[in-house]
Amino acid sequence: MSQIQGRTILLGHPRSGTTLLRRLLGGHDQIACPPETHLFGACARFLSSERTADGVDMGVLAGMHFAGIDDQIVLDRLRGLAFGLMDQVAVAQGASHWIEKTAFDIFQLDGIEQLCGDHVRWIGIVRHPLDVAVSCIDFCDAAGMYPSVLHRYIAEYPHPIEAFVRSWVDATEALIDLGTRRTDAVAIARYEDLVEDPHDTVGALLELIGLSSDTTFLDSALEGMEQLGFSDHKSYQHTKVHGASVARWHSVPSAMVARVAPLANPLLEMLGYDLLPGDGSPDVHESRTRYERSLAIHAAKQSD
Amino acid sequence: MTTPPLDSLLRGLSSEQSAKAAFLVTPTRTVTYGELHDGIARTRGLFRRLGLNPGDRLAIATQDDLSLAQLYGACLLSGVVAVVLDPHASAAEITVLVTKGRVGAIIADAAVVERASAVQHTEANVVAIATPGPAKSGFGLLRRIPKPEANDTNYPGLLRNEEPVDDRVEFAPESPALILFTSGTTSQPKGVVLTRRNLAAQMATLGHHFGFNATSRVANPLPTHHTDGLNQGPLLAMTYGSVWIRPGEVSMQSLGDVLDRVQQDRATHFVTVPTVISMMLRLPEAWDDAFSYDGFEFVASSAGYLDEEIWRRVEDRFDTMVVNAYGLTETVMDAIYCGPTEATRRHGTIGKPIDCEAKVVDDEGNDLDVGSVGELLIRGDNVMSGYFEDAEATAAVLTDDGWLHTGDLARFDEDGFCTIAGRKKNVIIRGGVSVYPEDVNSALLGAPSVTAVATVGIPDPALGERVVACVAAEGDPDTVMAAALEHCRRELAAEKVPNQVVVLDALPLGPSGKVELAKVTQIVSEAVAGPVEGETIADQVLNVAARVFGESADQLSPASTPDSTAGWDSLSFLELIMSLERQFDMVIPPRDVMTMASLGDAVLVVENR
């Protein structure tokens, strides 16, 4: 048995509770769960490739293959490097397991899975897409930028809510596909279940990664202040798990809810959420009423 | 040695036990003694409300370890007799056992109550156990199942409204404490009645011989409706205030994780059966140091024959001691021990009797000398008082002066070590579980077009024995076989379903008209041995799987998985691996065994050999 007995990748759409879950799991004395290392995303970029118009693969694996090095050798070496670094982090903390979570890794899942495959366990976390969208807008406002992996959504869809719901759909489909391919190695938790009963959810996740646990460690898991990871700006405001961020989406205009409902509902059903109302066509009467109400409020503010 | 009263032994249930100490450690939770004490006290309050008095019987059938421990502990402190049943038993079995046991109340998993609808109409009080916890969907989604409400319908939710009962009463040593059924279907279930003295004697022996104490951390994944899982699990912990570790269910694919948990939870002992010890040899090298940590003492093997070669290989490879113990439910658990010191063990034997007497006798009951083979008899405080309300069956195995006929043939050597030499009684032991041929026969006689049945055990290097039923029936053999197995899965607990059904026009009969079991065994051995046919490797793999899983080959495909194949469980999977190795004269590497999730995977492994 090696010194490191469990390696896990934690994935989820940004603002789905990945940092909260990382900090909770990191409270276990046998788990090293450092703030974002960007390690596996970098590995995925290392493995990414483009093709020329006539189909020539311009990636590292193809290049090394032409140089006489088998793909598997490249992958083994790269995995050895990445796992070696994470193992070192865990050993330094006296932990037998590590969990790596970096924001936006979910958008590079193909490369990360190609590298890690069945050498790791996978934990996913999902959250209601409209709560994710609302929180993403808050985050981008606070950060003053849109992360590059989201540029294509923002560029294509002018309504930020719709853009983030579409990125959520892609990320969630990728997670579900992963879970379908690797049923025994994947567990996907819902953010809403996590904040309602952290002990149940974390206990089940610990089971997946092969740790038995007295989950009482959760009571103090959020108390420590560690180095901040990117996008961790909000979760460090709290030392206890709470559900105040659940169902924030009710502030989203119903026309927008109706617009994204056909996109999100099939996945919402699979994940056990209530379906969003609407069939994609905006309610003209509701839109007009809302517009007139906002004009009236604006006018009232002006008169104050 | 004088057996102390059971009540004085239950240190883990005394007020001196630290409430903060761990009682139960599972992969998902740790339960302290404080929580256990509270659960037991409130369960005793529930008993009062249900009208359960000392001597009354309570049927318990649950997969939930904590509920089982609380109920068993409450029974011991209240003088209520625990009748512990298999929660996987069929509806027919549950109904028969509940009726036969004449229980005053039934506390069982909701699924058991639902399955055995007759239980709901019995005069006994029925309480359903609802077990909470997240469940996974097909793509790994964890969904929370609502916890039971604190109401009067579900155990343990209803305990919140029960008055705790903490008084301690000393009960007579000869009063019954536990009933376990050693067979139990529509035929002749026999309930082994174990008294408080029996349990106390077994616990005292384990304490002084194995050295169990409050610092022990005993990993025991065996099912709790079997005596080794129950009494070397929660009862042992409640006796010594030790930790009961449940490292997860054992299968070929999960065994590595189970051993990881044994190490992570710093178990001092690992209790298992010979089949799992055989599985350990198939693990990759990464687990060679599974027991190489401070504090681990030994692996305890019980409930079946431990092959000497496997025994030595496991000890060499894992650098640990395997203690082989012999016993029956009728002796609580173990009576004869090989180990745990070098002086007390000899490979290939079951060791020496501890705190009891043992001898071998001939067919007339005369004591036999050293080296002679005869039936093994045991006498001591650990021997049951008899079978529940069955004087005839009791008289058949218990002599007037207290000797128990084990039904096993054995011999003693000049140093006092005992070796099992065969079996006199009609029982098949598969993977440590006793399967009575009469139970299988009785069930199969109700299968479509079956007119006669004989069930035999066929030696198997991994399982000990395989259960093969030979049926006389008209019609297409494949159809008869499939229908017969389907019938068994409905009527029998999973652990009793035969590995295979062989269909004949008629069973071989002797001059007196009785079935000749020796001929049946010969026919069956020929039918289940030898390579299977098939044009391609895939065909051959599917045919091997069909034989092992008791399925028709045309019902299987490379896409077949454990979920889609009724006969695919952890034992039959091990058998599949071994059958493929024989069929294709190859050794399947541990890594391939661990990752084999479908028959398509098996085909690939063979094709790439």
# chains A, B, ... in the order shown; residues from 1 in each chain; ligands from 1

$ select_by_dssp --residues "segment 404-525 of chain B" --states "strand (DSSP E)" --output "PyMOL selection string"
chain B and resi 404-412+418-423+428-430+433-435+450-460+464-473+500-504

$ write_last_selection --atoms "C-alpha atoms" --output "tab-separated table (two decimals), in the first residue's frame"
chain	number	residue	atom	x	y	z
B	404	LEU	CA	-23.12	-32.24	21.09
B	405	HIS	CA	-22.84	-34.32	17.93
B	406	THR	CA	-21.29	-31.90	15.42
B	407	GLY	CA	-21.94	-34.06	12.36
B	408	ASP	CA	-18.30	-33.55	11.31
B	409	LEU	CA	-15.76	-36.34	11.10
B	410	ALA	CA	-12.42	-35.64	12.76
B	411	ARG	CA	-9.34	-37.13	14.35
B	412	PHE	CA	-6.99	-35.99	17.12
B	418	CYS	CA	-7.81	-31.86	15.82
B	419	THR	CA	-8.17	-32.28	12.05
B	420	ILE	CA	-11.49	-32.34	10.17
B	421	ALA	CA	-11.69	-35.45	8.00
B	422	GLY	CA	-15.13	-35.19	6.42
B	423	ARG	CA	-18.77	-34.67	7.12
B	428	ILE	CA	-23.29	-28.03	2.26
B	429	ILE	CA	-20.99	-25.22	3.38
B	430	ARG	CA	-20.57	-22.67	0.61
B	433	VAL	CA	-22.66	-20.34	4.86
B	434	SER	CA	-24.48	-23.60	5.66
B	435	VAL	CA	-26.96	-24.66	3.01
B	450	VAL	CA	-40.10	-30.66	-11.44
B	451	THR	CA	-41.05	-34.06	-10.04
B	452	ALA	CA	-38.00	-35.01	-7.97
B	453	VAL	CA	-34.94	-33.24	-6.61
B	454	ALA	CA	-31.61	-34.13	-5.03
B	455	THR	CA	-29.19	-31.40	-4.00
B	456	VAL	CA	-25.51	-32.13	-3.40
B	457	GLY	CA	-22.31	-30.26	-2.61
B	458	ILE	CA	-19.45	-30.37	-5.11
B	459	PRO	CA	-15.94	-29.56	-3.83
B	460	ASP	CA	-14.68	-26.16	-4.96
B	464	GLY	CA	-15.36	-24.85	-0.23
B	465	GLU	CA	-18.38	-26.38	-1.89
B	466	ARG	CA	-20.80	-25.48	-4.66
B	467	VAL	CA	-24.50	-26.19	-4.34
B	468	VAL	CA	-25.84	-28.14	-7.31
B	469	ALA	CA	-29.43	-29.35	-7.55
B	470	CYS	CA	-30.32	-32.28	-9.77
B	471	VAL	CA	-33.96	-32.26	-10.85
B	472	ALA	CA	-36.13	-34.75	-12.69
B	473	ALA	CA	-38.41	-32.92	-15.08
B	500	GLN	CA	-26.50	-24.71	-10.81
B	501	VAL	CA	-29.48	-26.89	-11.67
B	502	VAL	CA	-28.87	-30.06	-13.69
B	503	VAL	CA	-31.95	-31.43	-15.46
B	504	LEU	CA	-32.40	-35.20	-15.91

$ closest_atom_pairs --of "chain B" --to "chain A" --cutoff "6 Å" --atoms "only C-alpha atoms" --output "JSON lines"
{"residue": "B:Pro27", "atom": "CA", "partner": "A:Ser212", "partner_atom": "CA", "distance": 3.8}
{"residue": "B:Thr28", "atom": "CA", "partner": "A:Gly203", "partner_atom": "CA", "distance": 4.8}
{"residue": "B:Arg29", "atom": "CA", "partner": "A:Asp214", "partner_atom": "CA", "distance": 5.4}
{"residue": "B:Thr30", "atom": "CA", "partner": "A:Asp214", "partner_atom": "CA", "distance": 5.0}
{"residue": "B:Phe139", "atom": "CA", "partner": "A:Gly179", "partner_atom": "CA", "distance": 4.2}
{"residue": "B:Gly140", "atom": "CA", "partner": "A:Ala187", "partner_atom": "CA", "distance": 4.5}
{"residue": "B:Leu141", "atom": "CA", "partner": "A:Ile188", "partner_atom": "CA", "distance": 4.4}
{"residue": "B:Leu142", "atom": "CA", "partner": "A:Ala189", "partner_atom": "CA", "distance": 5.2}
{"residue": "B:Ala286", "atom": "CA", "partner": "A:Met1", "partner_atom": "CA", "distance": 4.8}
{"residue": "B:Trp287", "atom": "CA", "partner": "A:Met1", "partner_atom": "CA", "distance": 5.3}
{"residue": "B:Asp289", "atom": "CA", "partner": "A:Met1", "partner_atom": "CA", "distance": 5.8}

$ closest_residue --among "A:Thr52, A:Thr102, A:Thr172, A:Ser220" --to "Thr37 of chain A" --atoms "only C-alpha atoms"
A:Thr102

$ closest_residue --among "A:Leu61, A:Ala133, A:Leu75, A:Ala67" --to "Glu113 of chain A" --atoms "only C-alpha atoms"
A:Leu75

$ atom_distance --atom1 "atom CA of Ser572 of chain B" --atom2 "atom CA of Phe584 of chain B"
18.0 Å

$ residues_around --residues "His226 of chain B" --least-positions-apart "6" --cutoff "10 Å" --atoms "only C-alpha atoms" --output "list in words"
Val84, Leu85, Asp86, Leu180, Phe181, Thr182, Gln232, Ala303, Thr329, Met333, Gly432 and Val433 of chain B
